[in-house]
>>> print(open('input01.txt').read())   # compact mmCIF, C-alpha atoms and all ligand atoms
# COMPACT_ATOMS: atom_id res chain seq x y z
CA MET A 59 -4.71 141.68 -30.19
CA ASN A 60 -6.38 138.68 -31.76
CA LYS A 61 -7.21 135.40 -30.03
CA ILE A 62 -5.55 133.66 -27.11
CA GLU A 63 -2.72 131.75 -28.79
CA HIS A 64 -1.64 129.67 -25.79
CA ILE A 65 -1.72 129.38 -22.04
CA GLY A 66 1.66 128.77 -20.37
CA ILE A 67 1.79 126.53 -17.31
CA ALA A 68 4.95 126.28 -15.20
CA VAL A 69 5.70 122.70 -14.16
CA LYS A 70 8.45 120.98 -12.21
CA SER A 71 8.65 117.93 -14.45
CA LEU A 72 7.58 117.94 -18.10
CA GLU A 73 7.36 114.16 -18.04
CA ALA A 74 4.99 114.03 -15.05
CA ALA A 75 2.94 117.07 -16.11
CA GLY A 76 2.75 115.74 -19.68
CA LYS A 77 1.11 112.55 -18.41
CA THR A 78 -1.30 114.56 -16.23
CA TYR A 79 -2.36 116.83 -19.10
CA GLN A 80 -2.59 113.92 -21.53
CA ALA A 81 -5.05 112.25 -19.13
CA LEU A 82 -6.86 115.55 -18.47
CA LEU A 83 -7.27 116.60 -22.11
CA GLY A 84 -7.70 113.09 -23.50
CA LYS A 85 -5.09 113.61 -26.21
CA SER A 86 -1.37 113.35 -26.81
CA PRO A 87 0.93 116.39 -27.04
CA TYR A 88 1.72 117.38 -30.62
CA LYS A 89 5.24 118.63 -30.09
CA THR A 90 8.05 119.22 -27.65
CA GLU A 91 10.66 121.96 -28.11
CA ALA A 92 13.63 123.26 -26.15
CA VAL A 93 13.99 127.06 -26.15
CA VAL A 94 17.59 127.53 -25.04
CA SER A 95 17.42 131.34 -24.81
CA GLU A 96 14.58 131.05 -22.23
CA GLN A 97 16.13 128.04 -20.48
CA VAL A 98 12.96 126.01 -20.89
CA ASN A 99 11.69 122.77 -22.35
CA THR A 100 8.14 122.92 -23.64
CA LEU A 101 5.38 120.45 -24.41
CA PHE A 102 2.37 121.56 -26.48
CA PHE A 103 -1.21 120.33 -26.60
CA GLU A 104 -3.79 121.51 -29.12
CA THR A 105 -7.08 122.55 -27.53
CA GLY A 106 -9.33 124.00 -30.21
CA ASP A 107 -8.17 127.46 -31.23
CA ALA A 108 -5.67 127.88 -28.38
CA LYS A 109 -2.83 125.68 -27.14
CA VAL A 110 -1.60 124.61 -23.74
CA GLU A 111 2.16 125.10 -23.32
CA LEU A 112 3.77 123.23 -20.43
CA LEU A 113 7.10 124.77 -19.39
CA GLU A 114 9.90 123.13 -17.43
CA ALA A 115 13.03 125.07 -16.40
CA THR A 116 16.41 123.87 -17.62
CA GLY A 117 18.43 126.31 -15.51
CA GLU A 118 18.24 128.17 -12.22
CA GLU A 119 18.12 131.55 -14.00
CA SER A 120 15.07 130.55 -16.00
CA ALA A 121 11.93 132.63 -15.32
CA ILE A 122 10.15 129.30 -14.80
CA ALA A 123 12.59 128.18 -12.08
CA LYS A 124 12.17 131.52 -10.26
CA PHE A 125 8.38 131.40 -10.60
CA ILE A 126 8.15 127.85 -9.20
CA ALA A 127 10.52 128.67 -6.32
CA LYS A 128 8.30 131.61 -5.34
CA ARG A 129 4.79 130.41 -6.23
CA GLY A 130 4.92 126.70 -7.03
CA GLU A 131 3.56 125.12 -10.21
CA GLY A 132 0.68 126.85 -11.95
CA LEU A 133 -0.59 129.28 -14.56
CA HIS A 134 2.43 131.27 -15.70
CA HIS A 135 1.26 133.39 -18.65
CA ILE A 136 -1.41 134.02 -21.25
CA ALA A 137 -0.20 134.53 -24.82
CA PHE A 138 -2.18 136.60 -27.33
CA GLU A 139 -1.67 136.29 -31.07
CA VAL A 140 -0.90 139.59 -32.77
CA THR A 141 -0.66 140.42 -36.46
CA ASP A 142 2.09 143.06 -36.18
CA ILE A 143 4.15 142.64 -33.00
CA LEU A 144 6.21 145.81 -33.50
CA ALA A 145 3.08 147.94 -33.88
CA GLU A 146 1.50 146.26 -30.86
CA MET A 147 4.65 146.86 -28.78
CA ASP A 148 4.59 150.56 -29.76
CA ARG A 149 0.90 150.79 -28.86
CA LEU A 150 1.43 149.17 -25.44
CA ARG A 151 4.46 151.36 -24.66
CA ALA A 152 2.38 154.43 -25.47
CA GLU A 153 -0.31 153.12 -23.09
CA GLY A 154 2.34 152.92 -20.34
CA PHE A 155 2.83 149.15 -20.16
CA ARG A 156 6.30 147.88 -19.29
CA LEU A 157 7.66 145.51 -21.93
CA MET A 158 10.21 142.95 -20.77
CA ASN A 159 12.13 143.03 -24.06
CA ASP A 160 12.92 145.96 -26.36
CA GLN A 161 12.75 143.86 -29.49
CA PRO A 162 10.69 140.75 -30.28
CA LYS A 163 12.59 137.55 -29.49
CA ARG A 164 12.36 134.00 -30.77
CA GLY A 165 9.83 131.88 -28.90
CA ALA A 166 8.65 128.32 -29.37
CA ASP A 167 6.57 127.06 -32.30
CA ASN A 168 8.10 129.50 -34.82
CA LYS A 169 6.89 132.64 -33.08
CA LEU A 170 8.28 136.10 -32.34
CA VAL A 171 7.38 137.00 -28.77
CA CYS A 172 7.41 139.87 -26.27
CA PHE A 173 6.32 139.92 -22.61
CA VAL A 174 4.36 142.55 -20.67
CA HIS A 175 5.12 142.88 -16.94
CA PRO A 176 2.53 141.03 -14.81
CA LYS A 177 2.24 143.97 -12.40
CA ASP A 178 0.88 146.06 -15.30
CA ALA A 179 -1.75 143.46 -16.22
CA CYS A 180 -3.50 142.75 -12.91
CA GLY A 181 -0.96 140.12 -11.84
CA VAL A 182 -0.91 138.14 -15.09
CA LEU A 183 2.20 137.85 -17.27
CA ILE A 184 1.14 138.58 -20.87
CA GLU A 185 2.97 137.28 -23.94
CA LEU A 186 2.45 138.72 -27.41
CA CYS A 187 3.23 136.37 -30.23
CA GLN A 188 3.36 136.67 -33.98
CA GLU A 189 3.97 133.92 -36.52
CA ALA A 190 7.63 134.30 -37.54
CA GLY A 191 6.90 133.27 -41.16
C1 LIG B 201 8.99 128.98 -24.70
C2 LIG B 201 9.25 130.36 -25.13
C3 LIG B 201 8.10 131.32 -24.89
C4 LIG B 201 6.97 130.94 -25.84
O1 LIG B 201 7.27 130.91 -27.04
O2 LIG B 201 5.83 130.69 -25.47
C5 LIG B 201 7.67 131.35 -23.45
O3 LIG B 201 6.57 131.24 -23.05
S1 LIG B 201 9.00 131.60 -22.35
C6 LIG B 201 8.28 131.70 -20.74
C7 LIG B 201 9.36 132.02 -19.75
N1 LIG B 201 9.91 133.34 -20.01
C8 LIG B 201 9.44 134.45 -19.37
O4 LIG B 201 8.59 134.40 -18.50
C9 LIG B 201 10.07 135.74 -19.81
C10 LIG B 201 9.32 136.94 -19.26
N2 LIG B 201 9.39 136.97 -17.83
C11 LIG B 201 10.08 137.93 -17.16
O5 LIG B 201 10.60 138.86 -17.76
C12 LIG B 201 10.23 137.76 -15.67
O6 LIG B 201 10.00 136.45 -15.29
C13 LIG B 201 9.26 138.70 -14.87
C14 LIG B 201 7.80 138.37 -15.15
C15 LIG B 201 9.54 140.17 -15.20
C16 LIG B 201 9.54 138.47 -13.37
O7 LIG B 201 10.91 138.54 -13.20
P1 LIG B 201 11.60 139.14 -11.88
O8 LIG B 201 11.06 140.51 -11.61
O9 LIG B 201 13.06 138.98 -11.96
O10 LIG B 201 11.09 138.05 -10.85
P2 LIG B 201 10.46 138.22 -9.44
O11 LIG B 201 10.30 136.85 -8.93
O12 LIG B 201 11.22 139.21 -8.64
O13 LIG B 201 8.99 138.78 -9.75
C17 LIG B 201 8.60 140.12 -9.52
C18 LIG B 201 7.13 140.08 -9.16
O14 LIG B 201 6.37 139.56 -10.25
C19 LIG B 201 5.68 138.37 -9.86
N3 LIG B 201 5.70 137.43 -10.96
C20 LIG B 201 6.78 136.87 -11.51
N4 LIG B 201 6.43 136.07 -12.53
C21 LIG B 201 5.08 136.15 -12.58
C22 LIG B 201 4.11 135.52 -13.44
N5 LIG B 201 4.49 134.66 -14.41
N6 LIG B 201 2.82 135.80 -13.25
C23 LIG B 201 2.40 136.66 -12.28
N7 LIG B 201 3.29 137.31 -11.44
C24 LIG B 201 4.59 137.01 -11.60
C25 LIG B 201 6.46 137.85 -8.66
O15 LIG B 201 5.68 137.02 -7.85
C26 LIG B 201 6.85 139.15 -7.97
O16 LIG B 201 5.74 139.67 -7.29
P3 LIG B 201 5.80 139.96 -5.73
O17 LIG B 201 6.02 138.62 -5.10
O18 LIG B 201 4.48 140.57 -5.42
O19 LIG B 201 6.95 140.91 -5.54
CO CO B 202 4.56 131.08 -23.91
>>> encode(input="input01.txt", output="structure tokens")
Amino acid sequence: MNKIEHIGIAVKSLEAAGKTYQALLGKSPYKTEAVVSEQVNTLFFETGDAKVELLEATGEESAIAKFIAKRGEGLHHIAFEVTDILAEMDRLRAEGFRLMNDQPKRGADNKLVCFVHPKDACGVLIELCQEAG
């Protein structure tokens, strides 16, 4: 895996959290994007090499809605950039990690993504992401 690509933070309201993070980071978000397949709206901030991704649920079945119901707002996942997501998925499977999707799926910001179960990564949900090209 390469660098940390982004840190995902689950929030109740993108509007309210966007203002908080704008004040915190001292800069405006560079993009917002709805990812219908994940039932989320996102707001992105650039922070040097890695980004901050704020995530708001758009449906009750969204992973973000379930996470907030159980744990409240907070750090939801860490995403690592990978060069070859299929090779990295094969490597992780062979190491015994549980992958939450069999094939890479479309994420935000033109990425192909795959998630590793948080129970296999010391309680942290891990996202792999590769530039979709
Ligand atoms: C915008 C698109 C994309 C991008 O391009 O960046 C995204 O980031 S999308 C982000 C939202 N999508 C996802 O999170 C998809 C992957 N997530 C999942 O597959 C599931 O949410 C999950 C992680 C497998 C959990 O689902 P499930 O088992 O159905 O939920 P439970 O509530 O029963 O959780 C079981 C267990 O795991 C703990 N948990 C859940 N989420 C997290 C988390 N984010 N970090 C750490 N731990 C988490 C949960 O608390 C339960 O533990 P116990 O309470 O001890 O049983
Ligand atoms: Co993410």
>>> atom_distance(input="input01.txt", atom1="CA of Ala68 (chain A)", atom2="CA of Met147 (chain A)")
24.7 Å
>>> closest_residue(input="input01.txt", among="A:His64, A:Ala152, A:Ser86, A:Asp142", to="ligand LIG 201 (chain B)", atoms="all atoms listed in the file")
A:His64
>>> residues_near_ligand(input="input01.txt", ligand="ligand CO 202 (chain B)", cutoff="8 Å", atoms="all atoms listed in the file", output="list in words")
His64, Ile65, Gly66, Glu111, His135, Ile136, Ala137, Gly165, Ala166 and Glu185 of chain A
>>> residues_near_ligand(input="input01.txt", ligand="ligand LIG 201 (chain B)", cutoff="9 Å", atoms="only C-alpha atoms and all ligand atoms", output="PyMOL selection string")
chain A and resi 64-68+91-100+111-113+115+120-122+124-125+127-129+133-137+157-159+163-177+179-187
>>> write_last_selection(input="input01.txt", atoms="C-alpha atoms", output="PDB file, in the coordinates of the input")
ATOM      1  CA  HIS A  64      -1.640 129.670 -25.790  1.00  0.00           C
ATOM      2  CA  ILE A  65      -1.720 129.380 -22.040  1.00  0.00           C
ATOM      3  CA  GLY A  66       1.660 128.770 -20.370  1.00  0.00           C
ATOM      4  CA  ILE A  67       1.790 126.530 -17.310  1.00  0.00           C
ATOM      5  CA  ALA A  68       4.950 126.280 -15.200  1.00  0.00           C
ATOM      6  CA  GLU A  91      10.660 121.960 -28.110  1.00  0.00           C
ATOM      7  CA  ALA A  92      13.630 123.260 -26.150  1.00  0.00           C
ATOM      8  CA  VAL A  93      13.990 127.060 -26.150  1.00  0.00           C
ATOM      9  CA  VAL A  94      17.590 127.530 -25.040  1.00  0.00           C
ATOM     10  CA  SER A  95      17.420 131.340 -24.810  1.00  0.00           C
ATOM     11  CA  GLU A  96      14.580 131.050 -22.230  1.00  0.00           C
ATOM     12  CA  GLN A  97      16.130 128.040 -20.480  1.00  0.00           C
ATOM     13  CA  VAL A  98      12.960 126.010 -20.890  1.00  0.00           C
ATOM     14  CA  ASN A  99      11.690 122.770 -22.350  1.00  0.00           C
ATOM     15  CA  THR A 100       8.140 122.920 -23.640  1.00  0.00           C
ATOM     16  CA  GLU A 111       2.160 125.100 -23.320  1.00  0.00           C
ATOM     17  CA  LEU A 112       3.770 123.230 -20.430  1.00  0.00           C
ATOM     18  CA  LEU A 113       7.100 124.770 -19.390  1.00  0.00           C
ATOM     19  CA  ALA A 115      13.030 125.070 -16.400  1.00  0.00           C
ATOM     20  CA  SER A 120      15.070 130.550 -16.000  1.00  0.00           C
ATOM     21  CA  ALA A 121      11.930 132.630 -15.320  1.00  0.00           C
ATOM     22  CA  ILE A 122      10.150 129.300 -14.800  1.00  0.00           C
ATOM     23  CA  LYS A 124      12.170 131.520 -10.260  1.00  0.00           C
ATOM     24  CA  PHE A 125       8.380 131.400 -10.600  1.00  0.00           C
ATOM     25  CA  ALA A 127      10.520 128.670  -6.320  1.00  0.00           C
ATOM     26  CA  LYS A 128       8.300 131.610  -5.340  1.00  0.00           C
ATOM     27  CA  ARG A 129       4.790 130.410  -6.230  1.00  0.00           C
ATOM     28  CA  LEU A 133      -0.590 129.280 -14.560  1.00  0.00           C
ATOM     29  CA  HIS A 134       2.430 131.270 -15.700  1.00  0.00           C
ATOM     30  CA  HIS A 135       1.260 133.390 -18.650  1.00  0.00           C
ATOM     31  CA  ILE A 136      -1.410 134.020 -21.250  1.00  0.00           C
ATOM     32  CA  ALA A 137      -0.200 134.530 -24.820  1.00  0.00           C
ATOM     33  CA  LEU A 157       7.660 145.510 -21.930  1.00  0.00           C
ATOM     34  CA  MET A 158      10.210 142.950 -20.770  1.00  0.00           C
ATOM     35  CA  ASN A 159      12.130 143.030 -24.060  1.00  0.00           C
ATOM     36  CA  LYS A 163      12.590 137.550 -29.490  1.00  0.00           C
ATOM     37  CA  ARG A 164      12.360 134.000 -30.770  1.00  0.00           C
ATOM     38  CA  GLY A 165       9.830 131.880 -28.900  1.00  0.00           C
ATOM     39  CA  ALA A 166       8.650 128.320 -29.370  1.00  0.00           C
ATOM     40  CA  ASP A 167       6.570 127.060 -32.300  1.00  0.00           C
ATOM     41  CA  ASN A 168       8.100 129.500 -34.820  1.00  0.00           C
ATOM     42  CA  LYS A 169       6.890 132.640 -33.080  1.00  0.00           C
ATOM     43  CA  LEU A 170       8.280 136.100 -32.340  1.00  0.00           C
ATOM     44  CA  VAL A 171       7.380 137.000 -28.770  1.00  0.00           C
ATOM     45  CA  CYS A 172       7.410 139.870 -26.270  1.00  0.00           C
ATOM     46  CA  PHE A 173       6.320 139.920 -22.610  1.00  0.00           C
ATOM     47  CA  VAL A 174       4.360 142.550 -20.670  1.00  0.00           C
ATOM     48  CA  HIS A 175       5.120 142.880 -16.940  1.00  0.00           C
ATOM     49  CA  PRO A 176       2.530 141.030 -14.810  1.00  0.00           C
ATOM     50  CA  LYS A 177       2.240 143.970 -12.400  1.00  0.00           C
ATOM     51  CA  ALA A 179      -1.750 143.460 -16.220  1.00  0.00           C
ATOM     52  CA  CYS A 180      -3.500 142.750 -12.910  1.00  0.00           C
ATOM     53  CA  GLY A 181      -0.960 140.120 -11.840  1.00  0.00           C
ATOM     54  CA  VAL A 182      -0.910 138.140 -15.090  1.00  0.00           C
ATOM     55  CA  LEU A 183       2.200 137.850 -17.270  1.00  0.00           C
ATOM     56  CA  ILE A 184       1.140 138.580 -20.870  1.00  0.00           C
ATOM     57  CA  GLU A 185       2.970 137.280 -23.940  1.00  0.00           C
ATOM     58  CA  LEU A 186       2.450 138.720 -27.410  1.00  0.00           C
ATOM     59  CA  CYS A 187       3.230 136.370 -30.230  1.00  0.00           C
TER      60      CYS A 187
END
>>> axis_aligned_box(input="input01.txt", around="region 77-85 of chain A", padding_each_side="8 Å", output="AutoDock Vina command-line options")
--center_x -3.3 --center_y 114.5 --center_z -21.2 --size_x 24.8 --size_y 20.6 --size_z 26.0
>>> atom_distance(input="input01.txt", atom1="CA of Ile143 (chain A)", atom2="CA of Ala190 (chain A)")
10.1 Å
>>> atom_distance(input="input01.txt", atom1="CA of Phe138 (chain A)", atom2="CA of Asp107 (chain A)")
11.6 Å
>>> residues_around(input="input01.txt", residues="Thr141 (chain A)", least_positions_apart="6", cutoff="9 Å", atoms="all atoms listed in the file", output="list in words")
Met59, Asn60, Cys187, Gln188 and Glu189 of chain A
>>> closest_residue(input="input01.txt", among="A:Val69, A:Leu82, A:Gly154, A:Arg149", to="Thr116 (chain A)", atoms="all atoms listed in the file")
A:Val69
